[in-house]
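Coordinates from upload.csv are shown below (CSV, C-alpha atoms).
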chain,number,residue,atom,x,y,z
A,169,MET,CA,246.7,313.1,173.6
A,170,ILE,CA,250.4,312.5,173.9
A,171,PRO,CA,253.5,314.0,175.5
A,172,ARG,CA,256.0,316.6,174.7
A,173,PRO,CA,258.1,318.4,177.4
A,174,PRO,CA,261.1,318.4,177.0
A,175,SER,CA,260.2,316.9,173.8
A,176,ILE,CA,257.0,315.0,174.1
A,177,GLN,CA,255.2,313.5,171.2
A,178,ARG,CA,251.7,314.0,170.1
A,179,ALA,CA,250.9,313.9,173.7
A,180,LEU,CA,252.8,311.0,172.4
A,181,ALA,CA,256.0,311.9,171.1
A,182,VAL,CA,255.4,313.0,174.2
A,183,SER,CA,256.3,315.0,173.7
A,184,VAL,CA,253.2,316.2,173.0
A,185,ILE,CA,252.7,317.7,176.3
A,186,LEU,CA,249.9,320.0,175.9
A,187,ALA,CA,250.3,323.5,176.9
A,188,LEU,CA,246.7,324.2,177.8
A,189,SER,CA,246.3,327.7,178.9
A,190,GLY,CA,243.7,329.1,181.3
A,191,CYS,CA,243.1,331.5,184.1
A,192,GLY,CA,241.3,331.0,187.4
A,193,GLY,CA,237.6,331.7,187.5
A,194,GLY,CA,235.3,333.6,189.8
A,195,GLY,CA,235.2,336.5,192.3
A,196,GLY,CA,238.2,338.7,193.4
A,197,GLY,CA,239.4,342.3,193.7
A,198,ALA,CA,242.1,344.1,195.6
A,199,PRO,CA,241.6,343.9,199.4
A,200,SER,CA,241.9,347.0,201.4
A,201,ASN,CA,244.1,345.2,204.0
A,202,PRO,CA,246.6,342.5,203.2
A,203,SER,CA,245.5,339.1,204.5
A,204,THR,CA,246.9,335.7,204.4
A,205,PRO,CA,245.0,332.5,203.9
A,206,PRO,CA,244.1,330.3,206.9
A,207,PRO,CA,246.1,327.1,207.5
A,208,THR,CA,244.9,324.2,205.3
A,209,PRO,CA,244.7,320.6,206.6
A,210,THR,CA,247.6,318.4,205.7
A,211,THR,CA,246.9,316.1,202.7
A,212,THR,CA,247.2,312.3,203.3
A,213,LEU,CA,248.5,310.6,200.2
A,214,PRO,CA,247.9,306.9,199.3
A,215,PRO,CA,250.8,304.5,199.3
A,216,ALA,CA,252.9,304.6,196.1
A,217,PRO,CA,252.3,301.7,193.7
A,218,VAL,CA,255.3,299.8,192.4
A,219,SER,CA,256.8,301.2,189.1
A,220,PRO,CA,257.4,298.2,186.8
A,221,PRO,CA,259.8,298.5,183.9
A,222,LEU,CA,258.1,299.7,180.7
A,223,SER,CA,259.5,296.9,178.5
A,224,ALA,CA,262.1,294.3,179.5
A,225,THR,CA,262.1,293.1,175.9
A,226,CYS,CA,263.1,296.6,174.6
A,227,ASN,CA,265.8,296.6,177.3
A,228,ARG,CA,267.1,293.3,176.1
A,229,LEU,CA,267.2,294.3,172.4
A,230,ALA,CA,268.9,297.6,173.3
A,231,LEU,CA,267.6,299.3,170.1
A,232,GLY,CA,269.1,302.6,169.0
A,233,ILE,CA,267.2,305.8,168.4
A,234,ALA,CA,266.1,306.6,164.9
A,235,ASN,CA,268.5,308.9,163.1
A,236,GLY,CA,266.5,309.6,159.9
A,237,GLN,CA,268.5,307.1,157.9
A,238,GLU,CA,266.0,304.2,158.4
A,239,ARG,CA,264.1,303.0,155.3
A,240,CYS,CA,260.3,302.8,155.9
A,241,GLN,CA,257.7,301.5,153.5
A,242,ARG,CA,254.2,299.9,153.5
A,243,GLU,CA,254.5,296.1,153.3
A,244,GLY,CA,252.2,294.2,155.6
A,245,PRO,CA,251.8,293.8,159.4
A,246,THR,CA,253.8,291.2,161.3
A,247,PHE,CA,252.4,291.7,164.8
A,248,LEU,CA,248.8,292.7,164.1
A,249,ASP,CA,247.3,289.7,166.0
A,250,GLU,CA,249.6,290.2,169.0
A,251,LEU,CA,248.7,293.9,169.1
A,252,ASP,CA,244.9,293.1,168.9
A,253,ASP,CA,245.3,290.6,171.8
A,254,ALA,CA,247.3,293.1,173.9
A,255,ILE,CA,244.5,295.7,173.5
A,256,ASP,CA,241.8,293.2,174.3
A,257,GLU,CA,243.7,292.1,177.4
A,258,LEU,CA,244.1,295.8,178.5
A,259,VAL,CA,240.3,296.4,178.2
A,260,ALA,CA,239.8,293.4,180.5
A,261,GLN,CA,242.6,294.5,182.9
A,262,GLN,CA,241.8,298.2,183.1
A,263,PRO,CA,238.2,298.9,181.9
A,264,GLN,CA,238.2,302.2,183.9
A,265,ILE,CA,240.5,303.8,181.4
A,266,PHE,CA,237.9,303.4,178.6
A,267,ASP,CA,234.3,304.4,178.1
A,268,LEU,CA,232.9,301.0,177.2
A,269,ASP,CA,229.5,302.6,176.2
A,270,ARG,CA,231.1,304.7,173.4
A,271,VAL,CA,232.4,302.6,170.6
A,272,ALA,CA,233.7,303.4,167.1
A,273,GLY,CA,233.6,300.0,165.3
A,274,ALA,CA,234.1,296.6,166.9
A,275,GLY,CA,236.3,296.9,170.0
A,276,GLY,CA,237.0,300.6,169.3
A,277,TYR,CA,236.3,302.0,172.7
A,278,LYS,CA,236.7,305.6,173.8
A,279,VAL,CA,240.1,306.1,175.5
A,280,LEU,CA,239.9,308.1,178.7
A,281,SER,CA,243.5,307.9,179.6
A,282,GLU,CA,245.8,308.0,176.6
A,283,GLY,CA,248.9,307.5,178.7
A,284,ALA,CA,247.6,304.5,180.6
A,285,TYR,CA,246.4,303.1,177.3
A,286,PHE,CA,249.8,303.2,175.6
A,287,VAL,CA,251.7,302.0,178.7
A,288,GLY,CA,249.3,299.1,179.2
A,289,VAL,CA,249.5,298.0,175.5
A,290,ILE,CA,253.4,298.2,175.7
A,291,GLN,CA,253.5,296.2,178.9
A,292,ASN,CA,251.1,293.5,177.5
A,293,LEU,CA,253.2,293.2,174.3
A,294,ASP,CA,256.3,292.9,176.5
A,295,LYS,CA,254.8,289.7,178.1
A,296,LYS,CA,254.6,288.3,174.5
A,297,GLY,CA,258.2,289.0,173.9
A,298,ILE,CA,257.5,292.0,171.7
A,299,CYS,CA,259.2,295.4,172.2
A,300,ALA,CA,257.0,298.4,171.6
A,301,GLY,CA,258.0,302.0,171.6
A,302,LEU,CA,257.2,305.3,170.0
A,303,TYR,CA,258.0,306.1,166.3
A,304,GLY,CA,256.7,309.6,166.0
A,305,GLU,CA,253.0,309.4,166.8
A,306,GLU,CA,252.8,305.7,166.1
A,307,LEU,CA,253.7,302.5,168.1
A,308,ALA,CA,256.7,300.6,166.7
A,309,LEU,CA,256.7,296.9,167.4
A,310,THR,CA,259.5,294.3,166.9
A,311,ASN,CA,261.3,291.4,168.4
A,312,VAL,CA,264.5,291.8,166.4
A,313,LYS,CA,266.9,294.6,165.6
A,314,GLU,CA,266.5,294.3,161.8
A,315,TYR,CA,263.0,295.8,161.3
A,316,SER,CA,260.0,297.2,163.1
A,317,ASP,CA,256.3,297.7,162.2
A,318,ASN,CA,254.5,301.0,162.9
A,319,TYR,CA,250.9,301.0,164.1
A,320,ASP,CA,248.6,303.9,164.8
A,321,ILE,CA,246.5,302.6,167.7
A,322,ILE,CA,244.3,305.7,168.5
A,323,ASP,CA,242.3,308.0,166.3
A,324,SER,CA,241.9,311.8,166.4
A,325,ASP,CA,238.7,311.4,168.4
A,326,GLN,CA,240.5,309.3,171.1
A,327,PHE,CA,238.9,306.0,170.1
A,328,ILE,CA,240.9,302.7,169.9
A,329,ARG,CA,241.8,302.1,166.2
A,330,ARG,CA,241.5,298.4,165.2
A,331,GLY,CA,241.9,296.3,162.1
A,332,ILE,CA,244.3,296.3,159.2
A,333,ASN,CA,244.2,300.1,159.0
A,334,VAL,CA,246.1,300.3,162.2
A,335,TYR,CA,249.3,299.2,160.3
A,336,ARG,CA,251.2,302.1,158.8
A,337,SER,CA,254.7,301.0,157.6
A,338,THR,CA,257.7,298.8,158.2
A,339,CYS,CA,261.1,300.3,158.9
A,340,TYR,CA,264.7,298.9,158.3
A,341,PRO,CA,266.4,298.7,160.8
A,342,ALA,CA,264.1,298.8,163.8
A,343,ALA,CA,263.5,302.5,164.6
A,344,TYR,CA,262.2,304.5,167.6
A,345,THR,CA,262.2,308.2,168.2
A,346,LEU,CA,262.0,308.3,172.0
A,347,GLY,CA,265.1,307.5,173.9
A,348,PRO,CA,265.6,306.3,177.5
A,349,PRO,CA,265.1,308.6,180.5
A,350,PRO,CA,268.1,310.5,181.8
A,351,GLN,CA,270.5,308.7,184.2
A,352,ALA,CA,270.5,311.2,187.1
A,353,ASN,CA,267.6,311.6,189.5
A,354,THR,CA,265.9,315.0,189.7
A,355,PRO,CA,267.5,317.1,192.4
A,356,GLY,CA,265.6,316.7,195.7
A,357,CYS,CA,263.9,313.5,194.5
A,358,THR,CA,264.9,310.0,195.5
A,359,LEU,CA,263.0,308.3,192.6
A,360,PRO,CA,264.9,307.4,189.5
A,361,ALA,CA,264.4,309.7,186.4
A,362,SER,CA,261.5,308.8,184.1
A,363,LEU,CA,260.3,309.7,180.6
A,364,SER,CA,256.6,309.8,179.6
A,365,ILE,CA,255.2,308.6,176.4
A,366,ALA,CA,251.7,310.0,176.6
A,367,CYS,CA,249.9,312.7,178.5
A,368,SER,CA,246.2,313.6,178.8
A,369,ARG,CA,243.9,315.6,181.0
A,370,GLU,CA,242.3,313.3,183.6
A,371,ASN,CA,241.8,313.8,187.3
A,372,ALA,CA,244.3,315.9,189.3
A,373,GLN,CA,246.1,313.8,191.9
A,374,PHE,CA,248.0,316.5,193.7
A,375,LEU,CA,245.8,319.6,193.5
A,376,GLN,CA,245.3,319.9,197.2
A,377,VAL,CA,249.1,319.5,197.7
A,378,VAL,CA,249.6,322.4,195.4
A,379,GLU,CA,247.0,324.5,197.1
A,380,ASP,CA,248.5,323.8,200.5
A,381,ALA,CA,252.0,324.6,199.3
A,382,ILE,CA,250.9,328.0,197.9
A,383,ASP,CA,249.2,328.8,201.2
A,384,GLN,CA,252.3,327.8,203.2
A,385,LEU,CA,254.5,329.9,200.9
A,386,VAL,CA,252.3,333.0,201.3
A,387,ARG,CA,252.5,332.6,205.1
A,388,GLU,CA,256.2,332.0,205.2
A,389,GLN,CA,257.4,334.4,202.5
A,390,PRO,CA,254.8,337.1,202.0
A,391,GLY,CA,257.4,339.4,200.5
A,392,LEU,CA,257.4,337.3,197.3
A,393,PHE,CA,253.9,338.6,196.6
A,394,ASP,CA,251.9,341.8,196.4
A,395,LEU,CA,249.0,340.9,198.8
A,396,ASN,CA,247.1,344.0,197.8
A,397,ASP,CA,247.0,342.9,194.2
A,398,THR,CA,245.0,339.8,193.1
A,399,GLN,CA,244.2,338.5,189.6
A,400,PRO,CA,241.3,340.5,188.2
A,401,GLY,CA,238.3,338.2,188.3
A,402,GLY,CA,240.5,335.5,189.9
A,403,ILE,CA,239.7,333.3,192.9
A,404,ALA,CA,240.9,334.2,196.4
A,405,GLY,CA,244.6,334.1,197.0
A,406,THR,CA,245.7,334.7,193.4
A,407,TYR,CA,248.3,337.4,194.4
A,408,ARG,CA,250.7,339.1,192.1
A,409,VAL,CA,254.1,337.3,192.1
A,410,LEU,CA,257.0,339.7,192.6
A,411,ASN,CA,259.8,337.2,192.0
A,412,ASP,CA,259.0,334.4,189.6
A,413,ASP,CA,262.2,332.4,190.1
A,414,ALA,CA,262.0,332.5,193.9
A,415,TYR,CA,258.3,331.6,193.8
A,416,THR,CA,258.8,328.5,191.6
A,417,ALA,CA,261.9,327.4,193.5
A,418,ALA,CA,260.1,327.7,196.8
A,419,MET,CA,257.2,325.7,195.6
A,420,VAL,CA,259.5,322.8,194.5
A,421,ARG,CA,261.2,323.0,197.9
A,422,ILE,CA,257.9,322.9,199.8
A,423,VAL,CA,256.4,320.0,197.8
A,424,ASN,CA,259.6,318.0,198.1
A,425,GLY,CA,259.5,318.7,201.8
A,426,LYS,CA,256.0,317.0,202.0
A,427,GLY,CA,257.6,313.7,200.8
A,428,LEU,CA,256.7,314.0,197.1
A,429,CYS,CA,259.0,314.6,194.1
A,430,ALA,CA,258.7,317.9,192.3
A,431,ARG,CA,260.5,320.0,189.7
A,432,TRP,CA,259.8,323.2,187.7
A,433,ASP,CA,260.3,322.5,184.0
A,434,GLY,CA,260.3,326.1,183.0
A,435,GLU,CA,256.6,326.3,182.4
A,436,GLU,CA,254.8,324.0,184.9
A,437,LEU,CA,255.2,322.3,188.3
A,438,ASN,CA,255.7,318.6,187.8
A,439,ILE,CA,254.8,316.3,190.8
A,440,LYS,CA,255.0,312.5,191.3
A,441,THR,CA,255.1,310.0,194.1
A,442,ASN,CA,256.1,307.1,191.8
A,443,ASN,CA,257.2,306.5,188.2
A,444,VAL,CA,253.8,305.1,187.1
A,445,ASN,CA,252.6,308.6,186.3
A,446,SER,CA,252.9,312.3,187.3
A,447,ASP,CA,250.9,315.5,187.1
A,448,ASN,CA,251.7,318.9,185.6
A,449,TYR,CA,250.4,322.2,187.2
A,450,ASP,CA,250.6,325.7,185.7
A,451,ILE,CA,250.8,327.8,188.9
A,452,HIS,CA,251.7,331.2,187.3
A,453,THR,CA,249.5,333.2,184.9
A,454,ALA,CA,250.8,335.1,181.9
A,455,GLN,CA,249.8,338.3,183.7
A,456,GLY,CA,252.1,337.5,186.6
A,457,TYR,CA,249.7,336.2,189.3
A,458,ILE,CA,249.4,332.9,191.2
A,459,ARG,CA,247.2,330.5,189.3
A,460,ARG,CA,245.3,328.1,191.6
A,461,GLY,CA,242.2,325.9,191.7
A,462,GLU,CA,241.2,323.4,189.0
A,463,GLY,CA,242.5,325.7,186.3
A,464,ALA,CA,246.1,325.0,187.5
A,465,TYR,CA,246.0,321.3,186.6
A,466,ARG,CA,247.1,320.5,183.1
A,467,VAL,CA,247.8,316.8,182.3
A,468,THR,CA,248.7,313.5,183.8
A,469,CYS,CA,251.6,311.7,182.1
A,470,TYR,CA,252.5,308.0,181.8
A,471,PRO,CA,255.1,306.9,182.8
A,472,ALA,CA,256.1,309.8,185.0
A,473,TYR,CA,257.2,312.9,183.1
A,474,PHE,CA,260.5,313.4,184.9
Go through the file and emit its structure as structure tokens.
Amino acid sequence: MIPRPPSIQRALAVSVILALSGCGGGGGGAPSNPSTPPPTPTTTLPPAPVSPPLSATCNRLALGIANGQERCQREGPTFLDELDDAIDELVAQQPQIFDLDRVAGAGGYKVLSEGAYFVGVIQNLDKKGICAGLYGEELALTNVKEYSDNYDIIDSDQFIRRGINVYRSTCYPAAYTLGPPPQANTPGCTLPASLSIACSRENAQFLQVVEDAIDQLVREQPGLFDLNDTQPGGIAGTYRVLNDDAYTAAMVRIVNGKGLCARWDGEELNIKTNNVNSDNYDIHTAQGYIRRGEGAYRVTCYPAYF
């Protein structure tokens, strides 16, 4: 699906970011004596990949953001062949982001990473001199400022959509609904700010980092928690949080101290080591306890969410 936070679109208007809810699973109960978790081994992270610009063509055209005054109508696709080629190239470049054994029509493979799919298509179109960006839940393509075509390149079942039905409308002038990322870096992070276009649930990259940070915080500041009260039915270490703001601020500080970039967006802990992508973790349950384990991971966003 596609982003949302702060305003993410369909996972796309990425806006979209899903707010999946869930609580930790298995075992638990209130211990008779407070205890703290044992130290956890330090996590070794892989080197950060280079973060390429999303679209040099879009930067060159410097298109404005849609203001609702654009005129859109169904005419006929201008860039359908180039779009098809960009998708075919991406399947060859990154077959791991698709399930090639599941197909809905010719070339309509199952998409396993919606964010990587959209970013890859945009970057392949950029190589052809075509600017691609979001228009609502669709991909708007153009190489001029006067107009843009809108294409819906993924269906509701997460399969690639192909053929003439991909085309939706043409807008005058060229129109996009997702602006550039903020200018300032996130406090405590040396990476430039970023803005995601699509998010989906994949494989958690930083789950062990989050677990280690929680354990460290419980050891260093046990007063932030009630160590005699754990999430009913929750896993070990899901203590009641006594100061929500101090808890989330300390988690950001600890993760940043490990050499990663982190922020609290008001609902989830966002973590990245580059601007290619980032993960979101929900580390606090609605009942006021620490959430941990696989249930804390929410989505991975492309490019990075912040």
- Message: Here's a test: counting all atoms listed in the file, identify every protein, DNA and RNA residue with an atom at most 7 Å from (255.1, 294.8, 157.7) in the file's coordinate frame, and state them as JSON, numbers by chain.
- Response: {"A": [242, 243, 244, 245, 246, 317, 337, 338]}
- Within 9 Å of Tyr465 in chain A, counting all atoms listed in the file, which residues qualify if same-chain residues fewer than 3 places away don't, as a list in words?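 Counting only the stated atoms, we get Arg369, Asn371, Ala372, Phe374, Leu375, Asp447, Asn448, Tyr449, Asp450, Ile451, Arg460, Gly461, Glu462 and Thr468 of chain A.
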- In Å, with one decimal, what is the gap from CA of Ala381 in chain A to CA of Ala414 in chain A?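 Atom-to-atom, CA of Ala381 in chain A and CA of Ala414 in chain A are spaced 13.8 Å apart.
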- Quick one: everything within 9 Å of Asp252 in chain A, counting all atoms listed in the file, minus sequence neighbours fewer than 4 positions away in the same chain. Send it as a ChimeraX atom specification. /A:247-248,256-257,330-331
- Pick from A:Leu268, A:Leu293, A:Ile255, A:Ala342 nearest to Arg329 in chain A, counting only C-alpha atoms: A:Ile255
- Message: Between A:Phe474, A:Tyr303, A:Tyr285, A:Trp432, which residue has the minimum interatomic distance to Met419 in chain A, considering only C-alpha atoms?
- Response: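 Answer, going by the shortest atom-to-atom distance: A:Trp432.
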- Message: Let me make sure I understand: among A:Ile321, A:Ile458, A:Val312, A:Ala352, which one has the smallest atom-to-atom distance to Arg336 in chain A if we use all atoms listed in the file?
- Response: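 The closest residue to Arg336 in chain A is A:Ile321.
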- Item | Spatial neighbours of Asp394 in chain A, max dist 9 Å, all atoms listed in the file, sep filter under 3 positions, as a PyMOL selection string | chain A and resi 202+390-391+397-398+407-410
- Message: as a PyMOL selection string, please: the residues near Ile328 in chain A (cut-off 12 Å, only C-alpha atoms, same-chain neighbours under 5 positions excluded).
- Response: chain A and resi 251-252+255-256+258-259+265-268+270-282+285-286+289+319-323+333-334
- Message: For a quick check of understanding, using only C-alpha atoms, which of A:Ile422, A:Ala284, A:Leu395, A:Cys240 has the smallest distance to Gln262 in chain A?
- Response: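 Closest to Gln262 in chain A of all the choices is A:Ala284.
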- Query: From the list A:Gly356, A:Gly463, A:Gly425, A:Gly456, which residue is nearest Gln384 in chain A when using all atoms listed in the file?
  - Reply: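 Nearest candidate to Gln384 in chain A out of A:Gly356, A:Gly463, A:Gly425, A:Gly456: A:Gly425.
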- Task: Between A:Val423, A:Asp412, A:Arg431, A:Asp294, single out the one closest to Ala454 in chain A, counting all atoms listed in the file.
- Result: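 Ranked by minimum distance to Ala454 in chain A, first place goes to A:Asp412.
CA of Ile298 in chain A to CA of Asp325 in chain A spans 27.2 Å [interatomic distance, one decimal].
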So which residues touch Arg239 in chain A within 8 Å, counting all atoms listed in the file, skipping near sequence neighbours fewer than 5 positions away, as a PDB file with C-alpha atoms, keeping the file's coordinate frame?
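Done, and the output landed in out20.pdb:
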ATOM      1  CA  CYS A 339     261.100 300.300 158.900  1.00  0.00           C
ATOM      2  CA  TYR A 340     264.700 298.900 158.300  1.00  0.00           C
ATOM      3  CA  PRO A 341     266.400 298.700 160.800  1.00  0.00           C
TER       4      PRO A 341
END
Determine, using all atoms listed in the file, which residues of range 327-438 of chain A have any atom at most 9 Å from an atom of range 229-237 of chain A, and tabulate each with its shortest atom pair and distance in Å to one decimal place, rows ordered by chain and then rising number, as JSON lines.
{"residue": "A:Pro341", "atom": "CA", "partner": "A:Ala234", "partner_atom": "CA", "distance": 8.9}
{"residue": "A:Ala342", "atom": "CA", "partner": "A:Leu231", "partner_atom": "CA", "distance": 7.2}
{"residue": "A:Ala343", "atom": "CA", "partner": "A:Ala234", "partner_atom": "CA", "distance": 4.9}
{"residue": "A:Tyr344", "atom": "CA", "partner": "A:Ala234", "partner_atom": "CA", "distance": 5.2}
{"residue": "A:Thr345", "atom": "CA", "partner": "A:Ala234", "partner_atom": "CA", "distance": 5.4}
{"residue": "A:Leu346", "atom": "CA", "partner": "A:Ile233", "partner_atom": "CA", "distance": 6.8}
{"residue": "A:Gly347", "atom": "CA", "partner": "A:Ile233", "partner_atom": "CA", "distance": 6.1}
Produce a file of the selected residues containing C-alpha atoms, as a PDB file, keeping the file's coordinate frame.
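File written: part-v8.pdb
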ATOM      1  CA  PRO A 341     266.400 298.700 160.800  1.00  0.00           C
ATOM      2  CA  ALA A 342     264.100 298.800 163.800  1.00  0.00           C
ATOM      3  CA  ALA A 343     263.500 302.500 164.600  1.00  0.00           C
ATOM      4  CA  TYR A 344     262.200 304.500 167.600  1.00  0.00           C
ATOM      5  CA  THR A 345     262.200 308.200 168.200  1.00  0.00           C
ATOM      6  CA  LEU A 346     262.000 308.300 172.000  1.00  0.00           C
ATOM      7  CA  GLY A 347     265.100 307.500 173.900  1.00  0.00           C
TER       8      GLY A 347
END
- One-decimal distance in Å that lies between CA of Gly283 in chain A and CA of Cys226 in chain A: 18.4 Å
